[in-house]
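Structure below is run_12.pdb: PDB, C-alpha atoms.
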```
MODEL        1
ATOM      1  CA  MET U  30     -24.116  -9.220  13.760
ATOM      2  CA  GLY U  31     -24.101  -6.475  11.146
ATOM      3  CA  ALA U  32     -21.577  -4.675   9.008
ATOM      4  CA  VAL U  33     -21.933  -1.469  11.052
ATOM      5  CA  GLU U  34     -20.903  -3.247  14.235
ATOM      6  CA  VAL U  35     -17.993  -4.930  12.440
ATOM      7  CA  TYR U  36     -16.843  -1.572  11.098
ATOM      8  CA  LYS U  37     -16.968   0.133  14.498
ATOM      9  CA  ARG U  38     -15.121  -2.650  16.290
ATOM     10  CA  THR U  39     -12.412  -3.331  13.723
ATOM     11  CA  LYS U  40     -11.503   0.021  12.179
ATOM     12  CA  LYS U  41      -8.112   1.570  12.827
ATOM     13  CA  THR U  42      -7.531   4.963  14.433
ATOM     14  CA  PRO U  43      -5.938   6.964  12.982
ATOM     15  CA  ASP U  44      -6.425   5.827   9.413
ATOM     16  CA  LEU U  45      -6.385   7.272   5.919
ATOM     17  CA  PHE U  46      -9.529   8.929   4.569
ATOM     18  CA  TRP U  47      -9.807   6.427   1.703
ATOM     19  CA  ASN U  48      -9.677   3.541   4.152
ATOM     20  CA  LEU U  49     -12.136   4.963   6.663
ATOM     21  CA  TYR U  50     -14.849   6.099   4.299
ATOM     22  CA  VAL U  51     -14.476   3.944   1.183
ATOM     23  CA  CYS U  52     -12.667   0.630   1.574
ATOM     24  CA  ARG U  53     -13.291  -0.332   5.207
ATOM     25  CA  PRO U  54     -17.087   0.116   5.007
ATOM     26  CA  VAL U  55     -17.136  -2.243   2.015
ATOM     27  CA  ALA U  56     -14.729  -4.597   3.774
ATOM     28  CA  ALA U  57     -16.978  -4.586   6.855
ATOM     29  CA  VAL U  58     -19.842  -5.948   4.755
ATOM     30  CA  LEU U  59     -17.557  -8.704   3.495
ATOM     31  CA  VAL U  60     -16.329  -9.524   7.011
ATOM     32  CA  ALA U  61     -19.905  -9.695   8.281
ATOM     33  CA  LEU U  62     -20.696 -12.212   5.543
ATOM     34  CA  VAL U  63     -17.656 -14.469   5.996
ATOM     35  CA  SER U  64     -17.204 -14.318   9.772
ATOM     36  CA  PRO U  65     -19.506 -17.338  10.396
ATOM     37  CA  THR U  66     -17.529 -19.390   7.841
ATOM     38  CA  LYS U  67     -14.177 -21.149   8.140
ATOM     39  CA  LEU U  68     -12.468 -18.611   5.880
ATOM     40  CA  THR U  69      -9.344 -17.338   7.610
ATOM     41  CA  PRO U  70      -7.673 -13.900   7.501
ATOM     42  CA  ASN U  71      -4.577 -15.429   5.892
ATOM     43  CA  GLN U  72      -6.706 -16.935   3.143
ATOM     44  CA  ILE U  73      -8.214 -13.512   2.445
ATOM     45  CA  THR U  74      -4.676 -12.072   2.327
ATOM     46  CA  LEU U  75      -3.690 -14.619  -0.309
ATOM     47  CA  LEU U  76      -6.929 -14.034  -2.222
ATOM     48  CA  SER U  77      -6.146 -10.321  -2.237
ATOM     49  CA  TYR U  78      -2.835 -11.131  -3.908
ATOM     50  CA  VAL U  79      -4.504 -13.305  -6.560
ATOM     51  CA  VAL U  80      -7.032 -10.563  -7.373
ATOM     52  CA  ALA U  81      -4.231  -7.982  -7.595
ATOM     53  CA  MET U  82      -2.304 -10.183 -10.038
ATOM     54  CA  ALA U  83      -5.450 -10.483 -12.155
ATOM     55  CA  ALA U  84      -5.737  -6.693 -12.167
ATOM     56  CA  ALA U  85      -2.076  -6.380 -13.170
ATOM     57  CA  ALA U  86      -2.624  -8.795 -16.071
ATOM     58  CA  MET U  87      -5.689  -6.811 -17.167
ATOM     59  CA  LEU U  88      -3.650  -3.629 -17.073
ATOM     60  CA  VAL U  89      -1.325  -4.998 -19.739
ATOM     61  CA  ALA U  90      -3.721  -7.158 -21.757
ATOM     62  CA  TRP U  91      -6.789  -4.884 -21.995
ATOM     63  CA  PRO U  92      -5.976  -1.693 -23.907
ATOM     64  CA  GLY U  93      -8.058   1.451 -24.025
ATOM     65  CA  TYR U  94      -9.865   3.565 -21.475
ATOM     66  CA  THR U  95     -12.356   0.851 -20.495
ATOM     67  CA  GLY U  96      -9.564  -1.631 -19.859
ATOM     68  CA  LEU U  97      -7.696   0.864 -17.677
ATOM     69  CA  VAL U  98     -10.699   1.657 -15.494
ATOM     70  CA  ALA U  99     -11.751  -2.010 -15.249
ATOM     71  CA  ALA U 100      -8.241  -3.118 -14.237
ATOM     72  CA  VAL U 101      -7.987  -0.471 -11.526
ATOM     73  CA  ILE U 102     -11.470  -1.281 -10.177
ATOM     74  CA  VAL U 103     -10.367  -4.914  -9.825
ATOM     75  CA  TYR U 104      -7.215  -3.673  -8.107
ATOM     76  CA  GLU U 105      -9.319  -1.647  -5.667
ATOM     77  CA  LEU U 106     -11.266  -4.844  -4.927
ATOM     78  CA  SER U 107      -7.938  -6.414  -4.019
ATOM     79  CA  TYR U 108      -7.350  -3.537  -1.615
ATOM     80  CA  VAL U 109     -10.785  -4.042  -0.043
ATOM     81  CA  LEU U 110      -9.752  -7.640   0.623
ATOM     82  CA  ASP U 111      -6.484  -6.315   2.041
ATOM     83  CA  CYS U 112      -8.521  -4.289   4.538
ATOM     84  CA  ALA U 113     -10.840  -7.205   5.252
ATOM     85  CA  ASP U 114      -8.136  -9.657   6.344
ATOM     86  CA  GLY U 115      -7.008  -7.529   9.282
ATOM     87  CA  MET U 116     -10.577  -6.592  10.164
ATOM     88  CA  LEU U 117     -11.579 -10.267  10.288
ATOM     89  CA  ALA U 118      -8.558 -11.053  12.474
ATOM     90  CA  ARG U 119      -9.447  -8.245  14.880
ATOM     91  CA  TRP U 120     -13.112  -9.278  14.908
ATOM     92  CA  ARG U 121     -12.172 -12.840  15.857
ATOM     93  CA  GLY U 122      -9.398 -11.720  18.206
ATOM     94  CA  ILE U 123      -6.766 -13.795  16.393
ATOM     95  CA  GLN U 124      -4.282 -11.138  15.271
ATOM     96  CA  SER U 125      -0.772 -12.524  14.930
ATOM     97  CA  LYS U 126       2.674 -11.268  14.012
ATOM     98  CA  GLN U 127       2.893 -13.960  11.338
ATOM     99  CA  GLY U 128      -0.354 -12.800   9.752
ATOM    100  CA  HIS U 129       0.824  -9.195   9.805
ATOM    101  CA  LEU U 130       4.092 -10.154   8.106
ATOM    102  CA  LEU U 131       2.245 -12.195   5.471
ATOM    103  CA  ASP U 132       0.014  -9.196   4.769
ATOM    104  CA  PHE U 133       3.059  -6.931   4.449
ATOM    105  CA  LEU U 134       4.764  -9.402   2.088
ATOM    106  CA  MET U 135       1.716  -9.579  -0.186
ATOM    107  CA  ASP U 136       1.483  -5.777  -0.181
ATOM    108  CA  GLU U 137       5.093  -5.591  -1.366
ATOM    109  CA  LEU U 138       4.489  -8.088  -4.171
ATOM    110  CA  LYS U 139       1.355  -6.239  -5.282
ATOM    111  CA  ALA U 140       3.231  -2.928  -5.319
ATOM    112  CA  PHE U 141       5.937  -4.456  -7.538
ATOM    113  CA  ALA U 142       3.326  -5.823  -9.933
ATOM    114  CA  ILE U 143       1.247  -2.663 -10.315
ATOM    115  CA  LEU U 144       4.335  -0.495 -10.805
ATOM    116  CA  ALA U 145       5.790  -2.815 -13.450
ATOM    117  CA  THR U 146       2.554  -3.283 -15.377
ATOM    118  CA  ALA U 147       1.685   0.418 -15.269
ATOM    119  CA  SER U 148       4.994   1.274 -16.918
ATOM    120  CA  VAL U 149       4.516  -1.478 -19.527
ATOM    121  CA  ARG U 150       1.000  -0.279 -20.310
ATOM    122  CA  LEU U 151       2.167   3.299 -20.774
ATOM    123  CA  TYR U 152       4.951   2.102 -23.070
ATOM    124  CA  LEU U 153       2.522   0.033 -25.153
ATOM    125  CA  GLU U 154       0.063   2.928 -25.419
ATOM    126  CA  ARG U 155       2.510   5.766 -26.008
ATOM    127  CA  GLY U 156       5.426   3.962 -27.658
ATOM    128  CA  ASP U 157       7.845   5.816 -25.386
ATOM    129  CA  VAL U 158      10.588   3.561 -24.034
ATOM    130  CA  ASN U 159      11.251   6.062 -21.238
ATOM    131  CA  PHE U 160       8.220   4.646 -19.436
ATOM    132  CA  LEU U 161       9.987   1.274 -19.288
ATOM    133  CA  PHE U 162      13.146   2.894 -17.930
ATOM    134  CA  LEU U 163      11.095   4.805 -15.389
ATOM    135  CA  GLY U 164       9.328   1.634 -14.293
ATOM    136  CA  LEU U 165      12.618  -0.244 -13.998
ATOM    137  CA  GLY U 166      14.146   2.560 -11.950
ATOM    138  CA  GLY U 167      11.030   2.691  -9.788
ATOM    139  CA  LEU U 168      11.258  -1.037  -9.095
ATOM    140  CA  VAL U 169      14.897  -0.653  -8.038
ATOM    141  CA  CYS U 170      13.972   2.211  -5.701
ATOM    142  CA  LEU U 171      10.978   0.367  -4.263
ATOM    143  CA  ALA U 172      12.903  -2.876  -3.687
ATOM    144  CA  SER U 173      15.928  -1.043  -2.260
ATOM    145  CA  GLY U 174      13.796   0.983   0.148
ATOM    146  CA  ILE U 175      12.013  -2.136   1.384
ATOM    147  CA  ALA U 176      15.275  -4.060   1.755
ATOM    148  CA  MET U 177      16.948  -1.286   3.749
ATOM    149  CA  THR U 178      13.892  -0.787   5.958
ATOM    150  CA  THR U 179      13.848  -4.523   6.705
ATOM    151  CA  PHE U 180      17.566  -4.319   7.513
ATOM    152  CA  GLU U 181      17.116  -1.345   9.838
ATOM    153  CA  ARG U 182      14.285  -3.081  11.716
ATOM    154  CA  ARG U 183      16.155  -6.314  12.383
ATOM    155  CA  PRO U 184      16.704  -6.756  16.144
ATOM    156  CA  GLU U 185      20.472  -7.044  15.573
ATOM    157  CA  ILE U 186      20.400  -3.518  14.107
ATOM    158  CA  ALA U 187      17.501  -1.787  15.868
ATOM    159  CA  GLY U 188      18.231  -3.249  19.303
ATOM    160  CA  GLU U 189      15.654  -4.046  21.943
ATOM    161  CA  PRO U 190      12.289  -2.307  21.474
ATOM    162  CA  LYS U 191      11.751   0.634  23.782
ATOM    163  CA  ALA U 192       8.759   0.937  26.061
ATOM    164  CA  ALA U 193       5.928   2.885  24.455
ATOM    165  CA  GLN U 194       5.671   6.489  25.613
ATOM    166  CA  PRO U 195       2.424   8.477  25.686
ATOM    167  CA  ALA U 196       2.177  10.543  22.518
ATOM    168  CA  ALA U 197       2.443  14.281  23.069
ATOM    169  CA  LYS U 198       0.234  16.643  21.104
ATOM    170  CA  PRO U 199       2.328  18.002  18.203
ATOM    171  CA  SER U 200       3.004  21.716  18.125
ATOM    172  CA  LEU U 201       1.857  23.970  15.281
ATOM    173  CA  VAL U 202       5.411  24.070  13.924
ATOM    174  CA  LYS U 203       5.665  20.287  13.901
ATOM    175  CA  ARG U 204       2.300  19.999  12.152
ATOM    176  CA  VAL U 205       3.393  22.453   9.463
ATOM    177  CA  VAL U 206       6.765  20.738   9.021
ATOM    178  CA  GLY U 207       4.979  17.397   8.861
ATOM    179  CA  LEU U 208       2.803  18.401   5.899
ATOM    180  CA  PRO U 209       5.306  17.161   3.270
ATOM    181  CA  MET U 210       5.548  13.851   5.119
ATOM    182  CA  ARG U 211       1.763  13.464   5.132
ATOM    183  CA  LEU U 212       1.689  14.223   1.411
ATOM    184  CA  ALA U 213       4.416  11.636   0.841
ATOM    185  CA  LYS U 214       2.417   9.045   2.795
ATOM    186  CA  LEU U 215      -0.600   9.780   0.611
ATOM    187  CA  LEU U 216       1.429   9.327  -2.581
ATOM    188  CA  ILE U 217       2.915   6.076  -1.298
ATOM    189  CA  HIS U 218      -0.621   4.853  -0.570
ATOM    190  CA  TYR U 219      -1.598   4.717  -4.227
ATOM    191  CA  PRO U 220      -4.934   2.864  -3.704
ATOM    192  CA  SER U 221      -6.196   6.205  -2.353
ATOM    193  CA  TYR U 222      -5.862   7.929  -5.708
ATOM    194  CA  ILE U 223      -5.138   5.450  -8.507
ATOM    195  CA  LEU U 224      -8.859   5.088  -9.266
ATOM    196  CA  PHE U 225      -9.138   8.826  -9.920
ATOM    197  CA  VAL U 226      -6.033   8.610 -12.100
ATOM    198  CA  ALA U 227      -7.637   5.812 -14.106
ATOM    199  CA  VAL U 228     -10.899   7.700 -14.543
ATOM    200  CA  SER U 229      -8.898  10.678 -15.826
ATOM    201  CA  GLY U 230      -7.181   8.375 -18.313
ATOM    202  CA  ARG U 231      -3.722   9.559 -17.192
ATOM    203  CA  LEU U 232      -1.982   6.585 -15.616
ATOM    204  CA  GLU U 233       1.303   8.483 -15.601
ATOM    205  CA  PHE U 234      -0.130  10.618 -12.777
ATOM    206  CA  TYR U 235       0.261   7.499 -10.628
ATOM    207  CA  LEU U 236       3.644   6.476 -12.034
ATOM    208  CA  TYR U 237       5.541   9.778 -11.726
ATOM    209  CA  PRO U 238       4.832  10.625  -8.068
ATOM    210  CA  TYR U 239       5.039   7.006  -6.916
ATOM    211  CA  VAL U 240       8.484   6.534  -8.431
ATOM    212  CA  ALA U 241       9.643   9.935  -7.132
ATOM    213  CA  ILE U 242       8.534   9.256  -3.549
ATOM    214  CA  ASN U 243      10.124   5.809  -3.544
ATOM    215  CA  ALA U 244      13.355   7.302  -4.898
ATOM    216  CA  LEU U 245      13.400   9.837  -2.057
ATOM    217  CA  TYR U 246      12.618   7.122   0.483
ATOM    218  CA  MET U 247      15.437   4.963  -0.886
ATOM    219  CA  LEU U 248      17.885   7.870  -0.623
ATOM    220  CA  ARG U 249      16.762   8.603   2.928
ATOM    221  CA  SER U 250      17.206   4.962   3.952
ATOM    222  CA  LEU U 251      20.588   4.797   2.240
ATOM    223  CA  ALA U 252      21.678   7.945   4.102
ATOM    224  CA  VAL U 253      20.654   6.409   7.440
ATOM    225  CA  VAL U 254      22.580   3.206   6.741
ATOM    226  CA  THR U 255      25.606   5.119   5.442
ATOM    227  CA  LEU U 256      25.768   7.453   8.439
ATOM    228  CA  ARG U 257      25.576   4.549  10.846
ATOM    229  CA  PHE U 258      27.980   2.144   9.189
ATOM    230  CA  GLY U 259      30.120   4.327   6.944
ATOM    231  CA  ARG U 260      32.612   5.108   9.717
ATOM    232  CA  ALA U 261      32.658   1.669  11.304
TER
ENDMDL
END
```

What does this structure look like when you write it as structure tokens?
Amino acid sequence: MGAVEVYKRTKKTPDLFWNLYVCRPVAAVLVALVSPTKLTPNQITLLSYVVAMAAAAMLVAWPGYTGLVAAVIVYELSYVLDCADGMLARWRGIQSKQGHLLDFLMDELKAFAILATASVRLYLERGDVNFLFLGLGGLVCLASGIAMTTFERRPEIAGEPKAAQPAAKPSLVKRVVGLPMRLAKLLIHYPSYILFVAVSGRLEFYLYPYVAINALYMLRSLAVVTLRFGRA
């Protein structure tokens, strides 16, 4: 059993470019190595969290360009592990709702950590307290958006799930209108670009768009909740 076979059988379609051509190929090698062992997908999920926390600590404790790039490389390793847990579960045929929820929880915690430590690092390097305010506001937006999404998806709110319908091919107009949404999804998926930001030495190029997109998402979610319950 080789990494190529693991990759072909466990990749997601559709998926982001960064996942398909960078992280999942590396994760496939890891899955090929650990699949004969007793290591479980949930254990890889938790290991991904530990590695991400180490990267967050490095981001604050290791100043300078080298420290920035090293911290983000370690964070990308955490994301490779984040890809590997689901791939191992699919390879073994043991996917579970509980495992998916654990993975989502760890992703949330990692997002909180990287956002907070990025703002602290920028404050320490630049001496501008506005970076701390921006990070604090970003954390409020991120947490609020997640909380409202969780609320909206509860069965008491969302109702019974509808039967899946075959997806129709989107029209040209819908594809054009959907461009901003695809850009927003890219900006939310910061592992796709944070390495390039680190190499450029401009960590604020991660912080600004990430906070802005989460603010817009929070406002959208708040509007949905308000429209539904504001007149009740």

If you apply the PyMOL selection byres ((chain U and resi 229-236) around 8) to this file, what residues do you get, as a short mmCIF file (atom, residue, chain, number, x, y, z; two decimals) with C-alpha atoms, keeping the file's coordinate frame?
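The result, written out as selection27.cif:
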```
data_model
loop_
_atom_site.label_atom_id
_atom_site.label_comp_id
_atom_site.auth_asym_id
_atom_site.auth_seq_id
_atom_site.Cartn_x
_atom_site.Cartn_y
_atom_site.Cartn_z
CA TYR U 94 -9.86 3.56 -21.48
CA LEU U 97 -7.70 0.86 -17.68
CA LEU U 144 4.34 -0.50 -10.80
CA ALA U 147 1.68 0.42 -15.27
CA SER U 148 4.99 1.27 -16.92
CA LEU U 151 2.17 3.30 -20.77
CA GLY U 164 9.33 1.63 -14.29
CA TYR U 219 -1.60 4.72 -4.23
CA TYR U 222 -5.86 7.93 -5.71
CA ILE U 223 -5.14 5.45 -8.51
CA PHE U 225 -9.14 8.83 -9.92
CA VAL U 226 -6.03 8.61 -12.10
CA ALA U 227 -7.64 5.81 -14.11
CA VAL U 228 -10.90 7.70 -14.54
CA TYR U 237 5.54 9.78 -11.73
CA PRO U 238 4.83 10.62 -8.07
CA TYR U 239 5.04 7.01 -6.92
CA VAL U 240 8.48 6.53 -8.43
#
```

Hits of the PyMOL selection byres ((chain U and resi 217) around 9) in this structure, as number ranges by chain: U: 212-216, 218-220, 238-239, 242-243

Quick one: write out the picked residues with C-alpha atoms as a PDB file, in the frame of the given file?
```
ATOM      1  CA  LEU U 212       1.689  14.223   1.411  1.00  0.00           C
ATOM      2  CA  ALA U 213       4.416  11.636   0.841  1.00  0.00           C
ATOM      3  CA  LYS U 214       2.417   9.045   2.795  1.00  0.00           C
ATOM      4  CA  LEU U 215      -0.600   9.780   0.611  1.00  0.00           C
ATOM      5  CA  LEU U 216       1.429   9.327  -2.581  1.00  0.00           C
ATOM      6  CA  HIS U 218      -0.621   4.853  -0.570  1.00  0.00           C
ATOM      7  CA  TYR U 219      -1.598   4.717  -4.227  1.00  0.00           C
ATOM      8  CA  PRO U 220      -4.934   2.864  -3.704  1.00  0.00           C
ATOM      9  CA  PRO U 238       4.832  10.625  -8.068  1.00  0.00           C
ATOM     10  CA  TYR U 239       5.039   7.006  -6.916  1.00  0.00           C
ATOM     11  CA  ILE U 242       8.534   9.256  -3.549  1.00  0.00           C
ATOM     12  CA  ASN U 243      10.124   5.809  -3.544  1.00  0.00           C
TER      13      ASN U 243
END
```

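You can rank U:Leu131, U:Ala113, U:Leu171, U:Met177 by their closest distance to U:Ala241 using only C-alpha atoms, and at the top of that list sits U:Leu171.
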
Test item: residues at most 9 Å from stretch 62-69 of chain U, all atoms listed in the file, excluding those fewer than 2 positions along its chain, as a list in words: Gly31, Ala32, Ala57, Val58, Leu59, Val60, Asn71, Gln72, Ile73, Thr74, Asp114, Leu117, Ala118, Trp120 and Arg121 of chain U

Contacts of U:Val103 at 8 Å (only C-alpha atoms; same-chain gap of 6+ positions) as JSON, numbers by chain: {"U": [80, 81, 83, 84]}

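Of the residues listed (U:Ser250, U:Ala56, U:Gln127, U:Ala244), U:Ser250 shows the shortest atom-to-atom separation from U:Phe180; distances use only C-alpha atoms.
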
Skipping near chain neighbours, those fewer than 3 positions away, what residues fall within 6 Å of U:Leu88 using all atoms listed in the file, listed as a PDB file with C-alpha atoms, in the coordinates of the input?
```pdb
ATOM      1  CA  ALA U  85      -2.076  -6.380 -13.170  1.00  0.00           C
ATOM      2  CA  TRP U  91      -6.789  -4.884 -21.995  1.00  0.00           C
ATOM      3  CA  ALA U 100      -8.241  -3.118 -14.237  1.00  0.00           C
TER       4      ALA U 100
END
```

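The coordinates place atom CA of U:Ala172 at 21.3 Å from atom CA of U:Gly128.
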
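Going from atom CA of U:Ala187 to atom CA of U:Leu256 covers 14.5 Å.
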
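The residue that comes closest to U:Tyr104, out of U:Ser173, U:Thr178, U:Thr255, U:Ser221 and on the basis of all atoms listed in the file, is U:Ser221.
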
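When atom CA of U:Gly174 is paired with atom CA of U:Leu138, their separation reads 13.7 Å.
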
Residues in the PyMOL selection byres ((chain U and resi 40) around 12), expressed as a ChimeraX atom specification: /U:32-39,41-46,48-50,52-57,60,112-120

Those residues you just picked out, can you put them in a file as an mmCIF file, in the frame of the given file with C-alpha atoms?
```cif
data_model
loop_
_atom_site.group_PDB
_atom_site.id
_atom_site.type_symbol
_atom_site.label_atom_id
_atom_site.label_comp_id
_atom_site.auth_asym_id
_atom_site.auth_seq_id
_atom_site.Cartn_x
_atom_site.Cartn_y
_atom_site.Cartn_z
ATOM 1 C CA ALA U 32 -21.577 -4.675 9.008
ATOM 2 C CA VAL U 33 -21.933 -1.469 11.052
ATOM 3 C CA GLU U 34 -20.903 -3.247 14.235
ATOM 4 C CA VAL U 35 -17.993 -4.930 12.440
ATOM 5 C CA TYR U 36 -16.843 -1.572 11.098
ATOM 6 C CA LYS U 37 -16.968 0.133 14.498
ATOM 7 C CA ARG U 38 -15.121 -2.650 16.290
ATOM 8 C CA THR U 39 -12.412 -3.331 13.723
ATOM 9 C CA LYS U 41 -8.112 1.570 12.827
ATOM 10 C CA THR U 42 -7.531 4.963 14.433
ATOM 11 C CA PRO U 43 -5.938 6.964 12.982
ATOM 12 C CA ASP U 44 -6.425 5.827 9.413
ATOM 13 C CA LEU U 45 -6.385 7.272 5.919
ATOM 14 C CA PHE U 46 -9.529 8.929 4.569
ATOM 15 C CA ASN U 48 -9.677 3.541 4.152
ATOM 16 C CA LEU U 49 -12.136 4.963 6.663
ATOM 17 C CA TYR U 50 -14.849 6.099 4.299
ATOM 18 C CA CYS U 52 -12.667 0.630 1.574
ATOM 19 C CA ARG U 53 -13.291 -0.332 5.207
ATOM 20 C CA PRO U 54 -17.087 0.116 5.007
ATOM 21 C CA VAL U 55 -17.136 -2.243 2.015
ATOM 22 C CA ALA U 56 -14.729 -4.597 3.774
ATOM 23 C CA ALA U 57 -16.978 -4.586 6.855
ATOM 24 C CA VAL U 60 -16.329 -9.524 7.011
ATOM 25 C CA CYS U 112 -8.521 -4.289 4.538
ATOM 26 C CA ALA U 113 -10.840 -7.205 5.252
ATOM 27 C CA ASP U 114 -8.136 -9.657 6.344
ATOM 28 C CA GLY U 115 -7.008 -7.529 9.282
ATOM 29 C CA MET U 116 -10.577 -6.592 10.164
ATOM 30 C CA LEU U 117 -11.579 -10.267 10.288
ATOM 31 C CA ALA U 118 -8.558 -11.053 12.474
ATOM 32 C CA ARG U 119 -9.447 -8.245 14.880
ATOM 33 C CA TRP U 120 -13.112 -9.278 14.908
#
```

Distance query U:Glu137 at most 9 Å, all atoms listed in the file, self and fewer than 4 positions along chain excluded, as a PyMOL selection string: chain U and resi 132-133+141-142+171-172+175

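Considering the residues U:Val101, U:Ala145, U:Leu245, U:Gly93 and counting only C-alpha atoms, U:Leu168 has its shortest atom-to-atom contact with U:Ala145.
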
Could you give me the centre and size, in Å to one decimal, of an axis-aligned box around all listed atoms of stretch 37-50 of chain U with 5 Å added on every side, as AutoDock Vina command-line options?
```
--center_x -11.5 --center_y 2.8 --center_z 9.0 --size_x 21.0 --size_y 22.3 --size_z 24.6
```

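Distance check against U:Ala252 using only C-alpha atoms: of U:Gly188, U:Asp111, U:Asp157, U:Glu181, the minimum falls on U:Glu181.
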
Stretch 30-51 of chain U rebuilt with N, CA and C atoms, output as a short mmCIF file (atom, residue, chain, number, x, y, z; two decimals), in the coordinates of the input:
```cif
data_model
loop_
_atom_site.label_atom_id
_atom_site.label_comp_id
_atom_site.auth_asym_id
_atom_site.auth_seq_id
_atom_site.Cartn_x
_atom_site.Cartn_y
_atom_site.Cartn_z
N MET U 30 -25.34 -9.98 13.94
CA MET U 30 -24.12 -9.22 13.76
C MET U 30 -24.16 -8.55 12.39
N GLY U 31 -24.00 -7.21 12.38
CA GLY U 31 -24.10 -6.48 11.15
C GLY U 31 -22.80 -5.82 10.76
N ALA U 32 -22.78 -5.30 9.53
CA ALA U 32 -21.58 -4.68 9.01
C ALA U 32 -21.20 -3.41 9.80
N VAL U 33 -22.21 -2.69 10.28
CA VAL U 33 -21.93 -1.47 11.05
C VAL U 33 -21.16 -1.80 12.33
N GLU U 34 -21.60 -2.84 13.01
CA GLU U 34 -20.90 -3.25 14.24
C GLU U 34 -19.48 -3.71 13.92
N VAL U 35 -19.33 -4.48 12.84
CA VAL U 35 -17.99 -4.93 12.44
C VAL U 35 -17.10 -3.74 12.17
N TYR U 36 -17.63 -2.76 11.44
CA TYR U 36 -16.84 -1.57 11.10
C TYR U 36 -16.39 -0.83 12.36
N LYS U 37 -17.30 -0.62 13.29
CA LYS U 37 -16.97 0.13 14.50
C LYS U 37 -15.93 -0.58 15.34
N ARG U 38 -16.00 -1.90 15.40
CA ARG U 38 -15.12 -2.65 16.29
C ARG U 38 -13.77 -3.01 15.67
N THR U 39 -13.64 -2.87 14.37
CA THR U 39 -12.41 -3.33 13.72
C THR U 39 -11.66 -2.24 12.97
N LYS U 40 -12.20 -1.03 12.92
CA LYS U 40 -11.50 0.02 12.18
C LYS U 40 -10.27 0.46 12.95
N LYS U 41 -9.34 1.07 12.23
CA LYS U 41 -8.11 1.57 12.83
C LYS U 41 -8.22 3.07 13.08
N THR U 42 -7.58 3.53 14.14
CA THR U 42 -7.53 4.96 14.43
C THR U 42 -6.11 5.32 14.85
N PRO U 43 -5.45 6.24 14.15
CA PRO U 43 -5.94 6.96 12.98
C PRO U 43 -5.83 6.11 11.72
N ASP U 44 -6.47 6.54 10.68
CA ASP U 44 -6.42 5.83 9.41
C ASP U 44 -6.57 6.84 8.28
N LEU U 45 -6.26 6.40 7.08
CA LEU U 45 -6.38 7.27 5.92
C LEU U 45 -7.85 7.46 5.54
N PHE U 46 -8.16 8.61 4.96
CA PHE U 46 -9.53 8.93 4.57
C PHE U 46 -10.11 7.85 3.66
N TRP U 47 -9.33 7.42 2.67
CA TRP U 47 -9.81 6.43 1.70
C TRP U 47 -10.17 5.12 2.40
N ASN U 48 -9.39 4.76 3.40
CA ASN U 48 -9.68 3.54 4.15
C ASN U 48 -10.96 3.69 4.97
N LEU U 49 -11.03 4.78 5.73
CA LEU U 49 -12.14 4.96 6.66
C LEU U 49 -13.49 5.04 5.99
N TYR U 50 -13.55 5.77 4.87
CA TYR U 50 -14.85 6.10 4.30
C TYR U 50 -15.17 5.40 2.99
N VAL U 51 -14.21 4.66 2.44
CA VAL U 51 -14.48 3.94 1.18
C VAL U 51 -14.25 2.45 1.35
#
```
